Amino acid sequence: MSQETPTRTAHRRARGALWASTGFYVLIAFEFFYMASPFAAYLYAVYGPGLDWLQASWATSWAIHFFLPHIVAETRSVLVNALESVGFALFGAGLAGFAAGVFQIYRAKLRRSDAVMGGLYRHIRHPQYLALIVASVGMLLIWPRYLVVIATVTVIFVYIALAKAEERICLRQFTGYADYMRRTGMFLPAFLTPDFPLPDGTRIATRVAAWSFTYAAVLASALLAASMLRTYALDSLYRTEVEDNVYLSVVEISDGDLEAVATLASSAAGAKQSLAGRQHLLNYVIPAEMYISEIPMNLPPGASFGHEVPENRDPALYKVVFTEPIFDGDGLPPDGDVLAHAVNKMPLVEVHVDLAANEVSVVIPPPEKPFYGNRQVPVF
């Protein structure tokens, strides 16, 4: 047996682990692309059973919560408003960096060159993994579920482990690679690389314990940061409460106008029958010209769903979609915070109001078939 066989075997195993971890992350992250596609109502059903299972218990329902707004287009916070755009920028930059790294690697293979140590690799040994990490963080800001936090942290640790495995292979295969490692950093230039390497050459039990502890600590910190962001994001929303019911505006609106919209809509004669005897409702205040698929509303012929605020919208015309929130298996906790604990919602009635005329213009029953049916979708 030749000496290259163990190296090739290790390389295949490393690549196999990479594809397995990437598949795991793609399964979660591509939920966003399914939601954004024209066939979302059908494709999203793939995730339905798993999300429904997570939703059924308080012990797991937290994982499907969003920690940043997805339905809401505008908040009181400049930071919260900007994070989704930052996510798209990071995602695009990560994909571009990964493509550039692939070009360098395969050009070297075609030329039968040694290990690539120039270009993107001049100061960083694994720019492709760095690019994938950047793209993953971008996706996390685009589709900000706690579940994606777990997936992102997990994938980053897999990339670190794969980078170390590949370096061991390169040390055996390429002369001069040890010197290259001394003058470069793994994911950042050497002068920016923190000096806390995970154990690599000690006993297996020690390595496993160190990696497990570090992973748990990083994951806990990431989830805590996401939870703090969620609290901040919820506090930045344009919302008001009227008789234990939450009215949430997806666009910027003054407190006075929001309360006026809520008062007009809730007093509509045609809506009282649908709302009778119900408490702790989650009601969405939306510009009359805006249609959002994740909110169970009626879509007129010729209109289309989207999250963009219409530029020429009439600031006096709104519609209120009254919904009954669905909570996890234990229902609404004693703190009564509907928006913080809701995992889904069911439509009750849609009321259109004209603030300029101070009147209700139309009351519409809920759609017979909401776009996502009863699938778990973002709440705010």
# chains A, B, ... in the order shown; residues from 1 in each chain; ligands from 1

$ select_by_dssp --residues "region 204-327 of chain A" --states "strand (DSSP E or B)" --output "MDAnalysis selection string"
chainID A and resid 238:242 245:249 282:287 317:326

$ atom_distance --atom1 "CA of Pro189 (chain A)" --atom2 "CA of Gln128 (chain A)"
14.0 Å

$ residues_around --residues "region 308-323 of chain A" --least-positions-apart "2" --cutoff "7 Å" --atoms "only C-alpha atoms" --output "PyMOL selection string"
chain A and resi 265+281-290+297+306+325+345-356

$ closest_residue --among "A:Tyr146, A:Val338, A:Trp211, A:Phe88" --to "Thr60 (chain A)" --atoms "only C-alpha atoms"
A:Tyr146

$ closest_residue --among "A:Thr154, A:Ser77, A:Val360, A:Ile292" --to "Val218 (chain A)" --atoms "only C-alpha atoms"
A:Thr154

$ residues_around --residues "Val153 (chain A)" --least-positions-apart "6" --cutoff "8 Å" --atoms "only C-alpha atoms" --output "list in words"
Tyr215, Val218, Leu219 and Ala222 of chain A

$ write_last_selection --atoms "N, CA and C atoms" --output "tab-separated table (two decimals), in the first residue's frame"
chain	number	residue	atom	x	y	z
A	215	TYR	N	-17.42	24.72	22.54
A	215	TYR	CA	-18.63	24.78	21.72
A	215	TYR	C	-19.84	25.21	22.56
A	218	VAL	N	-19.54	28.95	23.52
A	218	VAL	CA	-19.80	29.85	22.38
A	218	VAL	C	-21.28	29.83	22.02
A	219	LEU	N	-21.88	28.64	21.99
A	219	LEU	CA	-23.30	28.53	21.66
A	219	LEU	C	-24.16	29.26	22.69
A	222	ALA	N	-23.83	32.95	22.06
A	222	ALA	CA	-24.55	33.36	20.85
A	222	ALA	C	-26.05	33.41	21.10

$ residues_around --residues "region 66-73 of chain A" --least-positions-apart "4" --cutoff "7 Å" --atoms "only C-alpha atoms" --output "number ranges by chain"
A: 144-146, 226-227, 229-230, 233, 250-251, 307, 378, 380

$ write_last_selection --atoms "all heavy atoms" --output "tab-separated table (two decimals), in the first residue's frame"
chain	number	residue	atom	x	y	z
A	144	PRO	N	-33.43	35.20	10.95
A	144	PRO	CA	-32.91	35.16	12.31
A	144	PRO	C	-33.73	34.32	13.30
A	144	PRO	O	-34.31	34.83	14.25
A	144	PRO	CB	-32.91	36.63	12.71
A	144	PRO	CG	-34.07	37.21	11.96
A	144	PRO	CD	-34.14	36.47	10.67
A	145	ARG	N	-33.76	33.02	13.10
A	145	ARG	CA	-34.35	32.11	14.09
A	145	ARG	C	-33.25	31.66	15.07
A	145	ARG	O	-32.09	31.54	14.69
A	145	ARG	CB	-34.90	30.85	13.42
A	145	ARG	CG	-36.22	30.97	12.68
A	145	ARG	CD	-36.70	29.57	12.35
A	145	ARG	NE	-37.75	29.52	11.35
A	145	ARG	CZ	-39.05	29.59	11.61
A	145	ARG	NH1	-39.45	29.71	12.86
A	145	ARG	NH2	-39.94	29.51	10.64
A	146	TYR	N	-33.67	31.33	16.29
A	146	TYR	CA	-32.72	30.73	17.23
A	146	TYR	C	-32.18	29.42	16.66
A	146	TYR	O	-31.02	29.06	16.88
A	146	TYR	CB	-33.40	30.45	18.57
A	146	TYR	CG	-33.65	31.67	19.41
A	146	TYR	CD1	-34.94	32.15	19.62
A	146	TYR	CD2	-32.60	32.35	20.02
A	146	TYR	CE1	-35.18	33.28	20.40
A	146	TYR	CE2	-32.83	33.47	20.80
A	146	TYR	CZ	-34.12	33.93	20.99
A	146	TYR	OH	-34.35	35.05	21.76
A	226	ALA	N	-28.47	36.68	20.99
A	226	ALA	CA	-29.69	36.70	20.18
A	226	ALA	C	-30.90	37.05	21.04
A	226	ALA	O	-31.79	37.80	20.62
A	226	ALA	CB	-29.88	35.34	19.51
A	227	SER	N	-30.94	36.53	22.26
A	227	SER	CA	-32.05	36.82	23.17
A	227	SER	C	-32.08	38.30	23.54
A	227	SER	O	-33.15	38.92	23.60
A	227	SER	CB	-31.93	35.96	24.42
A	227	SER	OG	-32.98	36.23	25.32
A	229	LEU	N	-30.86	40.70	21.68
A	229	LEU	CA	-31.30	41.39	20.46
A	229	LEU	C	-32.81	41.32	20.30
A	229	LEU	O	-33.46	42.28	19.89
A	229	LEU	CB	-30.62	40.77	19.23
A	229	LEU	CG	-29.39	41.47	18.66
A	229	LEU	CD1	-28.85	40.69	17.48
A	229	LEU	CD2	-29.71	42.91	18.25
A	230	ARG	N	-33.39	40.17	20.63
A	230	ARG	CA	-34.84	39.99	20.52
A	230	ARG	C	-35.58	40.93	21.45
A	230	ARG	O	-36.57	41.57	21.06
A	230	ARG	CB	-35.22	38.53	20.81
A	230	ARG	CG	-36.68	38.21	20.52
A	230	ARG	CD	-36.95	36.72	20.67
A	230	ARG	NE	-38.17	36.35	19.99
A	230	ARG	CZ	-39.36	36.27	20.58
A	230	ARG	NH1	-39.48	36.52	21.86
A	230	ARG	NH2	-40.44	35.92	19.88
A	233	ALA	N	-35.31	44.32	19.99
A	233	ALA	CA	-36.14	44.45	18.78
A	233	ALA	C	-37.62	44.57	19.14
A	233	ALA	O	-38.34	45.39	18.56
A	233	ALA	CB	-35.90	43.25	17.87
A	250	VAL	N	-46.56	47.36	10.92
A	250	VAL	CA	-45.38	46.91	10.17
A	250	VAL	C	-44.60	48.08	9.60
A	250	VAL	O	-43.51	47.88	9.04
A	250	VAL	CB	-45.78	45.94	9.03
A	250	VAL	CG1	-46.53	44.74	9.58
A	250	VAL	CG2	-46.60	46.64	7.96
A	251	VAL	N	-45.13	49.29	9.71
A	251	VAL	CA	-44.45	50.49	9.21
A	251	VAL	C	-44.44	51.56	10.30
A	251	VAL	O	-45.14	51.45	11.31
A	251	VAL	CB	-45.13	51.05	7.95
A	251	VAL	CG1	-45.06	50.05	6.81
A	251	VAL	CG2	-46.58	51.44	8.24
A	307	HIS	N	-42.58	42.50	0.98
A	307	HIS	CA	-42.27	43.15	2.25
A	307	HIS	C	-41.88	44.61	2.05
A	307	HIS	O	-41.58	45.30	3.03
A	307	HIS	CB	-41.12	42.42	2.95
A	307	HIS	CG	-41.53	41.10	3.52
A	307	HIS	ND1	-40.78	40.43	4.45
A	307	HIS	CD2	-42.61	40.31	3.31
A	307	HIS	CE1	-41.37	39.28	4.78
A	307	HIS	NE2	-42.48	39.20	4.09
A	378	PRO	N	-43.07	33.42	10.56
A	378	PRO	CA	-42.70	34.52	11.46
A	378	PRO	C	-43.89	35.28	12.02
A	378	PRO	O	-44.91	35.45	11.33
A	378	PRO	CB	-41.84	35.42	10.57
A	378	PRO	CG	-41.30	34.51	9.53
A	378	PRO	CD	-42.35	33.49	9.28
A	380	PHE	N	-43.37	38.41	13.85
A	380	PHE	CA	-43.15	39.87	13.80
A	380	PHE	C	-41.99	40.20	12.86
A	380	PHE	O	-41.32	39.31	12.35
A	380	PHE	CB	-42.89	40.43	15.20
A	380	PHE	CG	-41.54	40.07	15.77
A	380	PHE	CD1	-40.49	40.96	15.70
A	380	PHE	CD2	-41.32	38.85	16.43
A	380	PHE	CE1	-39.25	40.65	16.24
A	380	PHE	CE2	-40.10	38.55	16.98
A	380	PHE	CZ	-39.06	39.43	16.88

$ residues_around --residues "His280 (chain A)" --least-positions-apart "2" --cutoff "9 Å" --atoms "only C-alpha atoms" --output "list in words"
Glu243, Asp244, Asn245, Val246, Arg278, Leu282, Glu324, Pro325, Leu332, Gly336, Asp337 and Val338 of chain A

$ write_last_selection --atoms "C-alpha atoms" --output "short mmCIF file (atom, residue, chain, number, x, y, z; two decimals), in the first residue's frame"
data_model
loop_
_atom_site.label_atom_id
_atom_site.label_comp_id
_atom_site.auth_asym_id
_atom_site.auth_seq_id
_atom_site.Cartn_x
_atom_site.Cartn_y
_atom_site.Cartn_z
CA GLU A 243 -57.88 45.77 26.24
CA ASP A 244 -55.16 43.08 26.38
CA ASN A 245 -54.96 42.94 22.56
CA VAL A 246 -51.73 43.83 20.78
CA ARG A 278 -61.70 36.57 22.36
CA LEU A 282 -52.40 39.81 17.84
CA GLU A 324 -55.74 34.78 17.25
CA PRO A 325 -52.19 33.92 18.33
CA LEU A 332 -49.74 32.19 27.17
CA GLY A 336 -49.22 38.03 29.23
CA ASP A 337 -46.73 39.21 26.60
CA VAL A 338 -48.55 38.03 23.48
#

$ select_by_dssp --residues "region 219-282 of chain A" --states "alpha helix (DSSP H)" --output "MDAnalysis selection string"
chainID A and resid 219:235 255:266 269:275

$ atom_distance --atom1 "CA of Leu90 (chain A)" --atom2 "CA of Val379 (chain A)"
24.7 Å

$ residues_around --residues "Asn374 (chain A)" --least-positions-apart "3" --cutoff "10 Å" --atoms "only C-alpha atoms" --output "list in words"
Gly48, Asp52, Pro296, Asn344, Lys345, Met346, Pro347, Lys369, Pro370, Phe371 and Val377 of chain A

$ write_last_selection --atoms "C-alpha atoms" --output "short mmCIF file (atom, residue, chain, number, x, y, z; two decimals), in the first residue's frame"
data_model
loop_
_atom_site.label_atom_id
_atom_site.label_comp_id
_atom_site.auth_asym_id
_atom_site.auth_seq_id
_atom_site.Cartn_x
_atom_site.Cartn_y
_atom_site.Cartn_z
CA GLY A 48 -43.90 22.07 8.53
CA ASP A 52 -44.93 21.81 14.36
CA PRO A 296 -53.18 35.77 6.67
CA ASN A 344 -48.19 31.38 15.00
CA LYS A 345 -51.57 33.03 14.37
CA MET A 346 -54.97 32.25 12.85
CA PRO A 347 -57.00 34.88 10.93
CA LYS A 369 -57.01 29.47 2.28
CA PRO A 370 -54.23 31.63 3.76
CA PHE A 371 -51.04 31.54 1.73
CA VAL A 377 -44.30 31.36 9.99
#

$ closest_residue --among "A:Trp62, A:Tyr159, A:Phe305, A:Tyr238" --to "Gly256 (chain A)" --atoms "only C-alpha atoms"
A:Tyr238
